[in-house]
$ cat target-v9.cif   # mmCIF, C-alpha atoms and all ligand atoms
data_my_file
loop_
_atom_site.group_PDB
_atom_site.id
_atom_site.type_symbol
_atom_site.label_atom_id
_atom_site.label_comp_id
_atom_site.auth_asym_id
_atom_site.auth_seq_id
_atom_site.Cartn_x
_atom_site.Cartn_y
_atom_site.Cartn_z
ATOM 1 C CA MET A 1 -7.450 6.139 -74.220
ATOM 2 C CA LYS A 2 -5.175 4.143 -71.980
ATOM 3 C CA PHE A 3 -2.748 7.042 -71.477
ATOM 4 C CA ASP A 4 -5.529 9.281 -70.133
ATOM 5 C CA ALA A 5 -5.860 6.869 -67.234
ATOM 6 C CA ILE A 6 -2.161 6.461 -66.499
ATOM 7 C CA THR A 7 -0.938 10.037 -67.078
ATOM 8 C CA GLU A 8 -0.755 12.617 -64.322
ATOM 9 C CA PRO A 9 -2.724 15.847 -64.957
ATOM 10 C CA LEU A 10 -0.915 18.351 -67.214
ATOM 11 C CA ASP A 11 -0.822 21.085 -64.559
ATOM 12 C CA LEU A 12 1.046 18.756 -62.186
ATOM 13 C CA ARG A 13 3.611 17.774 -64.821
ATOM 14 C CA LEU A 14 4.115 21.418 -65.801
ATOM 15 C CA ALA A 15 4.623 22.404 -62.157
ATOM 16 C CA GLU A 16 7.121 19.560 -61.749
ATOM 17 C CA GLY A 17 9.005 20.566 -64.908
ATOM 18 C CA LEU A 18 9.186 24.229 -63.890
ATOM 19 C CA THR A 19 10.369 23.244 -60.408
ATOM 20 C CA ARG A 20 13.228 21.260 -61.967
ATOM 21 C CA LEU A 21 14.198 24.175 -64.238
ATOM 22 C CA ALA A 22 14.117 26.583 -61.277
ATOM 23 C CA ALA A 23 16.332 24.206 -59.277
ATOM 24 C CA VAL A 24 18.906 24.151 -62.097
ATOM 25 C CA ALA A 25 18.837 27.946 -62.379
ATOM 26 C CA ARG A 26 19.185 28.318 -58.598
ATOM 27 C CA GLN A 27 22.119 25.898 -58.555
ATOM 28 C CA LEU A 28 23.877 27.838 -61.353
ATOM 29 C CA ASP A 29 23.233 31.088 -59.455
ATOM 30 C CA TRP A 30 24.702 29.636 -56.265
ATOM 31 C CA GLU A 31 27.798 28.473 -58.138
ATOM 32 C CA SER A 32 28.248 31.964 -59.668
ATOM 33 C CA ALA A 33 27.785 33.606 -56.256
ATOM 34 C CA GLU A 34 30.224 31.217 -54.609
ATOM 35 C CA SER A 35 32.908 31.819 -57.224
ATOM 36 C CA ALA A 36 32.449 35.594 -56.660
ATOM 37 C CA GLY A 37 32.757 35.135 -52.880
ATOM 38 C CA LEU A 38 29.122 36.115 -52.240
ATOM 39 C CA SER A 39 26.116 34.399 -50.709
ATOM 40 C CA PRO A 40 23.088 33.915 -53.019
ATOM 41 C CA THR A 41 21.221 36.723 -51.175
ATOM 42 C CA GLN A 42 24.184 39.095 -51.486
ATOM 43 C CA ALA A 43 24.427 38.318 -55.214
ATOM 44 C CA ASP A 44 20.688 38.853 -55.700
ATOM 45 C CA ILE A 45 20.747 42.200 -53.893
ATOM 46 C CA LEU A 46 23.885 43.352 -55.710
ATOM 47 C CA ARG A 47 22.266 42.767 -59.120
ATOM 48 C CA PHE A 48 19.035 44.436 -57.985
ATOM 49 C CA VAL A 49 20.843 47.550 -56.721
ATOM 50 C CA ALA A 50 22.908 47.655 -59.933
ATOM 51 C CA SER A 51 19.708 47.764 -62.007
ATOM 52 C CA ARG A 52 18.555 50.937 -60.207
ATOM 53 C CA PRO A 53 21.225 53.648 -60.640
ATOM 54 C CA VAL A 54 19.152 56.273 -58.776
ATOM 55 C CA GLY A 55 19.412 54.156 -55.638
ATOM 56 C CA VAL A 56 17.152 51.745 -53.824
ATOM 57 C CA ARG A 57 15.867 51.493 -50.251
ATOM 58 C CA LEU A 58 16.752 48.494 -48.093
ATOM 59 C CA THR A 59 13.083 47.464 -47.840
ATOM 60 C CA ALA A 60 12.809 47.218 -51.635
ATOM 61 C CA ALA A 61 16.004 45.130 -51.777
ATOM 62 C CA ALA A 62 14.618 42.798 -49.072
ATOM 63 C CA ASP A 63 11.301 42.447 -50.954
ATOM 64 C CA HIS A 64 13.114 41.719 -54.200
ATOM 65 C CA ALA A 65 15.301 39.027 -52.627
ATOM 66 C CA GLY A 66 12.327 37.594 -50.715
ATOM 67 C CA VAL A 67 14.095 37.875 -47.336
ATOM 68 C CA ARG A 68 13.477 39.700 -44.047
ATOM 69 C CA LYS A 69 14.792 43.238 -43.674
ATOM 70 C CA ALA A 70 17.341 42.076 -41.048
ATOM 71 C CA THR A 71 18.711 39.439 -43.467
ATOM 72 C CA ALA A 72 18.922 42.026 -46.257
ATOM 73 C CA SER A 73 20.672 44.410 -43.861
ATOM 74 C CA ASP A 74 23.333 41.745 -43.099
ATOM 75 C CA ALA A 75 23.777 41.082 -46.828
ATOM 76 C CA VAL A 76 24.179 44.810 -47.537
ATOM 77 C CA ALA A 77 26.729 45.142 -44.721
ATOM 78 C CA ALA A 78 28.747 42.321 -46.324
ATOM 79 C CA LEU A 79 28.491 44.016 -49.741
ATOM 80 C CA GLU A 80 29.709 47.276 -48.189
ATOM 81 C CA ARG A 81 32.698 45.508 -46.625
ATOM 82 C CA LYS A 82 33.548 44.129 -50.076
ATOM 83 C CA ALA A 83 33.275 47.667 -51.536
ATOM 84 C CA LEU A 84 30.485 46.589 -53.919
ATOM 85 C CA VAL A 85 27.665 48.741 -52.489
ATOM 86 C CA ARG A 86 27.561 52.115 -50.717
ATOM 87 C CA LYS A 87 24.851 53.914 -48.727
ATOM 88 C CA HIS A 88 23.902 57.430 -49.823
ATOM 89 C CA ALA A 89 21.274 59.980 -48.836
ATOM 90 C CA ASP A 90 18.121 59.260 -50.837
ATOM 91 C CA ALA A 91 17.606 61.802 -53.643
ATOM 92 C CA LEU A 92 13.897 62.140 -52.721
ATOM 93 C CA ASP A 93 14.253 62.186 -48.939
ATOM 94 C CA ALA A 94 17.564 63.317 -47.389
ATOM 95 C CA ARG A 95 16.695 61.562 -44.081
ATOM 96 C CA ALA A 96 16.400 58.193 -45.849
ATOM 97 C CA VAL A 97 19.219 55.963 -47.066
ATOM 98 C CA ALA A 98 19.551 54.660 -50.613
ATOM 99 C CA LEU A 99 21.839 51.861 -51.734
ATOM 100 C CA ARG A 100 23.948 52.218 -54.852
ATOM 101 C CA THR A 101 26.640 50.084 -56.385
ATOM 102 C CA THR A 102 30.246 51.222 -56.465
ATOM 103 C CA THR A 103 32.077 51.091 -59.797
ATOM 104 C CA LYS A 104 33.451 47.700 -58.783
ATOM 105 C CA GLY A 105 29.975 46.474 -57.787
ATOM 106 C CA GLN A 106 28.431 47.700 -61.031
ATOM 107 C CA ARG A 107 31.090 45.936 -63.093
ATOM 108 C CA SER A 108 30.610 42.729 -61.129
ATOM 109 C CA ALA A 109 26.793 42.842 -61.552
ATOM 110 C CA GLU A 110 27.001 43.561 -65.278
ATOM 111 C CA ALA A 111 29.348 40.632 -65.843
ATOM 112 C CA TRP A 112 27.082 38.274 -63.912
ATOM 113 C CA PRO A 113 26.047 35.166 -65.925
ATOM 114 C CA ILE A 114 22.276 34.809 -66.422
ATOM 115 C CA SER A 115 21.570 31.324 -65.145
ATOM 116 C CA PHE A 116 18.430 30.664 -67.185
ATOM 117 C CA ARG A 117 20.085 31.661 -70.473
ATOM 118 C CA SER A 118 21.473 28.165 -71.025
ATOM 119 C CA VAL A 119 17.950 26.783 -70.572
ATOM 120 C CA ILE A 120 16.396 29.257 -73.028
ATOM 121 C CA GLU A 121 19.078 28.986 -75.693
ATOM 122 C CA GLY A 122 17.728 25.625 -76.847
ATOM 123 C CA LEU A 123 14.399 27.171 -77.925
ATOM 124 C CA SER A 124 13.618 28.664 -81.351
ATOM 125 C CA ALA A 125 12.791 32.380 -81.688
ATOM 126 C CA ALA A 126 9.077 31.545 -82.068
ATOM 127 C CA GLU A 127 9.155 29.329 -78.971
ATOM 128 C CA GLN A 128 10.917 32.070 -76.996
ATOM 129 C CA THR A 129 8.227 34.592 -77.985
ATOM 130 C CA LEU A 130 5.482 32.190 -76.950
ATOM 131 C CA LEU A 131 7.175 31.396 -73.653
ATOM 132 C CA PHE A 132 7.808 35.074 -72.958
ATOM 133 C CA GLY A 133 4.072 35.839 -73.170
ATOM 134 C CA LEU A 134 3.352 33.031 -70.718
ATOM 135 C CA VAL A 135 6.085 34.162 -68.304
ATOM 136 C CA VAL A 136 4.690 37.734 -68.321
ATOM 137 C CA LYS A 137 1.238 36.325 -67.589
ATOM 138 C CA MET A 138 2.505 34.180 -64.696
ATOM 139 C CA ILE A 139 4.456 37.080 -63.174
ATOM 140 C CA ARG A 140 1.342 39.234 -63.378
ATOM 141 C CA GLN A 141 -0.743 36.591 -61.603
ATOM 142 C CA LEU A 142 1.854 36.154 -58.849
ATOM 143 C CA GLN A 143 2.013 39.907 -58.378
ATOM 144 C CA HIS A 144 -1.800 40.125 -58.071
ATOM 145 C CA ARG A 145 -1.666 37.428 -55.407
ATOM 146 C CA GLY A 146 1.103 39.250 -53.522
ATOM 147 C CA LEU A 147 3.541 36.350 -53.951
ATOM 148 C CA ILE A 148 6.306 38.439 -55.536
ATOM 149 C CA ALA A 149 7.330 42.050 -55.002
ATOM 150 C CA PRO A 150 5.900 44.553 -57.510
ATOM 151 C CA GLN A 151 7.769 44.332 -60.797
ATOM 152 C CA ARG A 152 8.397 47.159 -63.246
ATOM 153 C CA THR A 153 6.533 45.382 -66.048
ATOM 154 C CA CYS A 154 4.525 46.923 -68.882
ATOM 155 C CA VAL A 155 1.382 45.117 -67.766
ATOM 156 C CA THR A 156 1.366 47.031 -64.460
ATOM 157 C CA CYS A 157 2.366 50.398 -65.970
ATOM 158 C CA ARG A 158 0.034 53.363 -66.348
ATOM 159 C CA HIS A 159 1.461 54.072 -69.811
ATOM 160 C CA PHE A 160 0.528 50.618 -71.111
ATOM 161 C CA ARG A 161 -2.467 50.258 -73.448
ATOM 162 C CA GLU A 162 -3.102 46.558 -73.671
ATOM 163 C CA ASN A 163 -4.432 45.073 -76.908
ATOM 164 C CA ARG A 164 -5.231 48.478 -78.425
ATOM 165 C CA SER A 165 -4.922 47.010 -81.940
ATOM 166 C CA PRO A 166 -6.202 43.419 -81.634
ATOM 167 C CA GLY A 167 -5.301 40.973 -84.391
ATOM 168 C CA THR A 168 -2.167 42.905 -85.467
ATOM 169 C CA ASN A 169 1.519 42.113 -84.949
ATOM 170 C CA THR A 170 1.773 45.013 -82.518
ATOM 171 C CA PRO A 171 -1.426 44.858 -80.458
ATOM 172 C CA HIS A 172 -0.151 46.889 -77.490
ATOM 173 C CA TYR A 173 0.910 50.518 -77.135
ATOM 174 C CA CYS A 174 3.193 52.479 -74.820
ATOM 175 C CA ALA A 175 1.828 55.997 -74.308
ATOM 176 C CA LEU A 176 5.152 57.211 -72.859
ATOM 177 C CA VAL A 177 7.256 56.178 -75.857
ATOM 178 C CA GLY A 178 4.289 56.804 -78.186
ATOM 179 C CA ALA A 179 4.763 53.564 -80.114
ATOM 180 C CA PRO A 180 2.979 50.268 -80.741
ATOM 181 C CA MET A 181 4.389 47.142 -79.140
ATOM 182 C CA ALA A 182 4.474 43.461 -80.038
ATOM 183 C CA GLU A 183 4.199 40.793 -77.345
ATOM 184 C CA HIS A 184 7.969 40.286 -77.410
ATOM 185 C CA HIS A 185 8.555 44.018 -76.751
ATOM 186 C CA LEU A 186 6.956 43.883 -73.297
ATOM 187 C CA ARG A 187 9.430 44.857 -70.571
ATOM 188 C CA LEU A 188 9.926 43.061 -67.280
ATOM 189 C CA ASP A 189 12.041 45.756 -65.618
ATOM 190 C CA CYS A 190 11.506 49.104 -67.345
ATOM 191 C CA PRO A 191 13.295 52.155 -65.848
ATOM 192 C CA GLU A 192 10.425 54.424 -67.001
ATOM 193 C CA HIS A 193 7.734 52.263 -65.383
ATOM 194 C CA GLU A 194 5.051 54.132 -63.411
ATOM 195 C CA SER A 195 2.622 52.026 -61.454
ATOM 196 C CA ALA A 196 -0.957 51.955 -62.686
ATOM 197 C CA ALA A 197 -2.140 51.192 -59.148
HETATM 198 S S1 LIG B 201 6.920 53.123 -69.868
HETATM 199 FE FE1 LIG B 201 8.070 51.179 -69.868
HETATM 200 S S2 LIG B 201 6.858 49.801 -68.590
HETATM 201 FE FE2 LIG B 201 5.538 51.524 -69.149
HETATM 202 S S3 LIG B 201 4.438 50.786 -70.984
HETATM 203 FE FE3 LIG B 201 6.222 51.960 -71.661
HETATM 204 S S4 LIG B 201 7.838 50.417 -71.985
HETATM 205 FE FE4 LIG B 201 6.249 49.472 -70.724
#
$ encode --input "target-v9.cif" --output "structure tokens"
Amino acid sequence: MKFDAITEPLDLRLAEGLTRLAAVARQLDWESAESAGLSPTQADILRFVASRPVGVRLTAAADHAGVRKATASDAVAALERKALVRKHADALDARAVALRTTTKGQRSAEAWPISFRSVIEGLSAAEQTLLFGLVVKMIRQLQHRGLIAPQRTCVTCRHFRENRSPGTNTPHYCALVGAPMAEHHLRLDCPEHESAA
């Protein structure tokens, strides 16, 4: 086949395509941050803190944003000045500090546009389900290789029973909820997550 000889390997073209999609999503995120008067790191940390109402340590926020602790500390200071985030005593350790959003910060984070949504909207429900399974798999691989901070996903949770009923529409099971799960039910950021590690 002539095209076998003149076509780049599939993995390279996939990597190129995903890089382009990520660039679009990053650009949309930057535009949203700019219009809210925030830097991309400040916006990332604000949304992360908003997703954890019990509070989050600075180190976790830095890991999530993929920046050094000093950079995260500067971003948090800016968020405090804008009255979007406040420091509190950590509920588990009174000597430690936990970050929480203010009411204004929570509202701002909840209204934040999800940059990738416009990319996903063009896919059918079946395509979204298929893609979701692949995204979960890629996140899991990156987490195993230490390339992204631990995520609160089902596949790393001690309550998750993977493929307990193979060949069915709901092959997985959550022992905490006590219910079977389909592939599209898997969570990427579950508040009840407990690490299996
Ligand atoms: S507790 Fe949450 S993360 Fe854990 S298996 Fe159940 S739904 Fe998934």
$ closest_residue --input "target-v9.cif" --among "A:Gly178, A:Gly37, A:Gly55, A:Gly66" --to "Lys82 (chain A)" --atoms "all atoms listed in the file"
A:Gly37
$ atom_distance --input "target-v9.cif" --atom1 "CA of Leu84 (chain A)" --atom2 "CA of Arg117 (chain A)"
24.6 Å
$ closest_atom_pairs --input "target-v9.cif" --of "chain A" --to "ligand LIG 201 (chain B)" --cutoff "9 Å" --atoms "all atoms listed in the file" --output "Markdown table"
| residue | atom | partner | partner_atom | distance |
| --- | --- | --- | --- | --- |
| A:Arg152 | CA | B:LIG201 | S2 | 6.2 |
| A:Thr153 | CA | B:LIG201 | S2 | 5.1 |
| A:Cys154 | CA | B:LIG201 | FE4 | 3.6 |
| A:Val155 | CA | B:LIG201 | FE4 | 7.2 |
| A:Thr156 | CA | B:LIG201 | S2 | 7.4 |
| A:Cys157 | CA | B:LIG201 | FE2 | 4.6 |
| A:Arg158 | CA | B:LIG201 | FE2 | 6.4 |
| A:His159 | CA | B:LIG201 | S3 | 4.6 |
| A:Phe160 | CA | B:LIG201 | S3 | 3.9 |
| A:Arg161 | CA | B:LIG201 | S3 | 7.4 |
| A:His172 | CA | B:LIG201 | S3 | 8.9 |
| A:Tyr173 | CA | B:LIG201 | S3 | 7.1 |
| A:Cys174 | CA | B:LIG201 | S3 | 4.4 |
| A:Ala175 | CA | B:LIG201 | FE3 | 6.5 |
| A:Leu176 | CA | B:LIG201 | S1 | 5.4 |
| A:Val177 | CA | B:LIG201 | FE3 | 6.0 |
| A:Gly178 | CA | B:LIG201 | FE3 | 8.4 |
| A:Ala179 | CA | B:LIG201 | FE3 | 8.7 |
| A:Met181 | CA | B:LIG201 | S4 | 8.6 |
| A:His185 | CA | B:LIG201 | S4 | 8.0 |
| A:Leu186 | CA | B:LIG201 | FE4 | 6.2 |
| A:Arg187 | CA | B:LIG201 | FE4 | 5.6 |
| A:Leu188 | CA | B:LIG201 | S2 | 7.5 |
| A:Asp189 | CA | B:LIG201 | S2 | 7.2 |
| A:Cys190 | CA | B:LIG201 | FE1 | 4.7 |
| A:Pro191 | CA | B:LIG201 | FE1 | 6.7 |
| A:Glu192 | CA | B:LIG201 | S1 | 4.7 |
| A:His193 | CA | B:LIG201 | S2 | 4.1 |
| A:Glu194 | CA | B:LIG201 | FE2 | 6.3 |
| A:Ser195 | CA | B:LIG201 | FE2 | 8.2 |
$ atom_distance --input "target-v9.cif" --atom1 "CA of His64 (chain A)" --atom2 "CA of Gln151 (chain A)"
8.9 Å
$ closest_atom_pairs --input "target-v9.cif" --of "region 17-41 of chain A" --to "region 96-108 of chain A" --cutoff "12 Å" --atoms "all atoms listed in the file" --output "Markdown table"
| residue | atom | partner | partner_atom | distance |
| --- | --- | --- | --- | --- |
| A:Ser32 | CA | A:Ser108 | CA | 11.1 |
| A:Ala33 | CA | A:Ser108 | CA | 10.7 |
| A:Ser35 | CA | A:Ser108 | CA | 11.8 |
| A:Ala36 | CA | A:Ser108 | CA | 8.6 |
| A:Gly37 | CA | A:Ser108 | CA | 11.4 |
| A:Leu38 | CA | A:Ser108 | CA | 11.2 |
$ write_last_selection --input "target-v9.cif" --atoms "C-alpha atoms" --output "short mmCIF file (atom, residue, chain, number, x, y, z; two decimals), keeping the file's coordinate frame"
data_model
loop_
_atom_site.label_atom_id
_atom_site.label_comp_id
_atom_site.auth_asym_id
_atom_site.auth_seq_id
_atom_site.Cartn_x
_atom_site.Cartn_y
_atom_site.Cartn_z
CA SER A 32 28.25 31.96 -59.67
CA ALA A 33 27.78 33.61 -56.26
CA SER A 35 32.91 31.82 -57.22
CA ALA A 36 32.45 35.59 -56.66
CA GLY A 37 32.76 35.14 -52.88
CA LEU A 38 29.12 36.12 -52.24
#
$ resolve_selection --input "target-v9.cif" --expression "the PyMOL selection byres (((chain A and resi 171) around 9) and not hetatm)" --output "mmCIF file with C-alpha atoms, in the coordinates of the input"
data_model
loop_
_atom_site.group_PDB
_atom_site.id
_atom_site.type_symbol
_atom_site.label_atom_id
_atom_site.label_comp_id
_atom_site.auth_asym_id
_atom_site.auth_seq_id
_atom_site.Cartn_x
_atom_site.Cartn_y
_atom_site.Cartn_z
ATOM 1 C CA ARG A 161 -2.467 50.258 -73.448
ATOM 2 C CA GLU A 162 -3.102 46.558 -73.671
ATOM 3 C CA ASN A 163 -4.432 45.073 -76.908
ATOM 4 C CA ARG A 164 -5.231 48.478 -78.425
ATOM 5 C CA SER A 165 -4.922 47.010 -81.940
ATOM 6 C CA PRO A 166 -6.202 43.419 -81.634
ATOM 7 C CA GLY A 167 -5.301 40.973 -84.391
ATOM 8 C CA THR A 168 -2.167 42.905 -85.467
ATOM 9 C CA ASN A 169 1.519 42.113 -84.949
ATOM 10 C CA THR A 170 1.773 45.013 -82.518
ATOM 11 C CA HIS A 172 -0.151 46.889 -77.490
ATOM 12 C CA TYR A 173 0.910 50.518 -77.135
ATOM 13 C CA PRO A 180 2.979 50.268 -80.741
ATOM 14 C CA MET A 181 4.389 47.142 -79.140
ATOM 15 C CA ALA A 182 4.474 43.461 -80.038
ATOM 16 C CA GLU A 183 4.199 40.793 -77.345
#
$ closest_residue --input "target-v9.cif" --among "A:Val56, A:Val119, A:Ala94, A:Val76" --to "Ala43 (chain A)" --atoms "only C-alpha atoms"
A:Val76
$ resolve_selection --input "target-v9.cif" --expression "the PyMOL selection byres (((chain A and resi 74) around 12) and not hetatm)" --output "PyMOL selection string"
chain A and resi 39+41-42+45+58+61-62+67-73+75-81
$ write_last_selection --input "target-v9.cif" --atoms "C-alpha atoms" --output "tab-separated table (two decimals), in the coordinates of the input"
chain	number	residue	atom	x	y	z
A	39	SER	CA	26.12	34.40	-50.71
A	41	THR	CA	21.22	36.72	-51.18
A	42	GLN	CA	24.18	39.10	-51.49
A	45	ILE	CA	20.75	42.20	-53.89
A	58	LEU	CA	16.75	48.49	-48.09
A	61	ALA	CA	16.00	45.13	-51.78
A	62	ALA	CA	14.62	42.80	-49.07
A	67	VAL	CA	14.10	37.88	-47.34
A	68	ARG	CA	13.48	39.70	-44.05
A	69	LYS	CA	14.79	43.24	-43.67
A	70	ALA	CA	17.34	42.08	-41.05
A	71	THR	CA	18.71	39.44	-43.47
A	72	ALA	CA	18.92	42.03	-46.26
A	73	SER	CA	20.67	44.41	-43.86
A	75	ALA	CA	23.78	41.08	-46.83
A	76	VAL	CA	24.18	44.81	-47.54
A	77	ALA	CA	26.73	45.14	-44.72
A	78	ALA	CA	28.75	42.32	-46.32
A	79	LEU	CA	28.49	44.02	-49.74
A	80	GLU	CA	29.71	47.28	-48.19
A	81	ARG	CA	32.70	45.51	-46.62
$ resolve_selection --input "target-v9.cif" --expression "the PyMOL selection byres (((chain A and resi 12-26) around 10) and not hetatm)" --output "list in words"
Thr7, Glu8, Pro9, Leu10, Asp11, Gln27, Leu28, Asp29, Trp30, Glu31, Ser32, Pro40, Ile114, Ser115, Phe116, Arg117, Ser118 and Val119 of chain A
$ atom_distance --input "target-v9.cif" --atom1 "CA of Ala65 (chain A)" --atom2 "CA of Gln128 (chain A)"
25.7 Å
$ axis_aligned_box --input "target-v9.cif" --around "region 54-70 of chain A" --padding-each-side "5 Å" --output "JSON"
{"center_x": 15.4, "center_y": 46.9, "center_z": -49.9, "size_x": 18.1, "size_y": 28.7, "size_z": 27.7}
$ closest_residue --input "target-v9.cif" --among "A:Asp93, A:Val49, A:His184, A:Val85" --to "Val136 (chain A)" --atoms "all atoms listed in the file"
A:His184
$ closest_residue --input "target-v9.cif" --among "A:Lys137, A:Arg57, A:Arg52, A:His88" --to "Ala109 (chain A)" --atoms "only C-alpha atoms"
A:Arg52
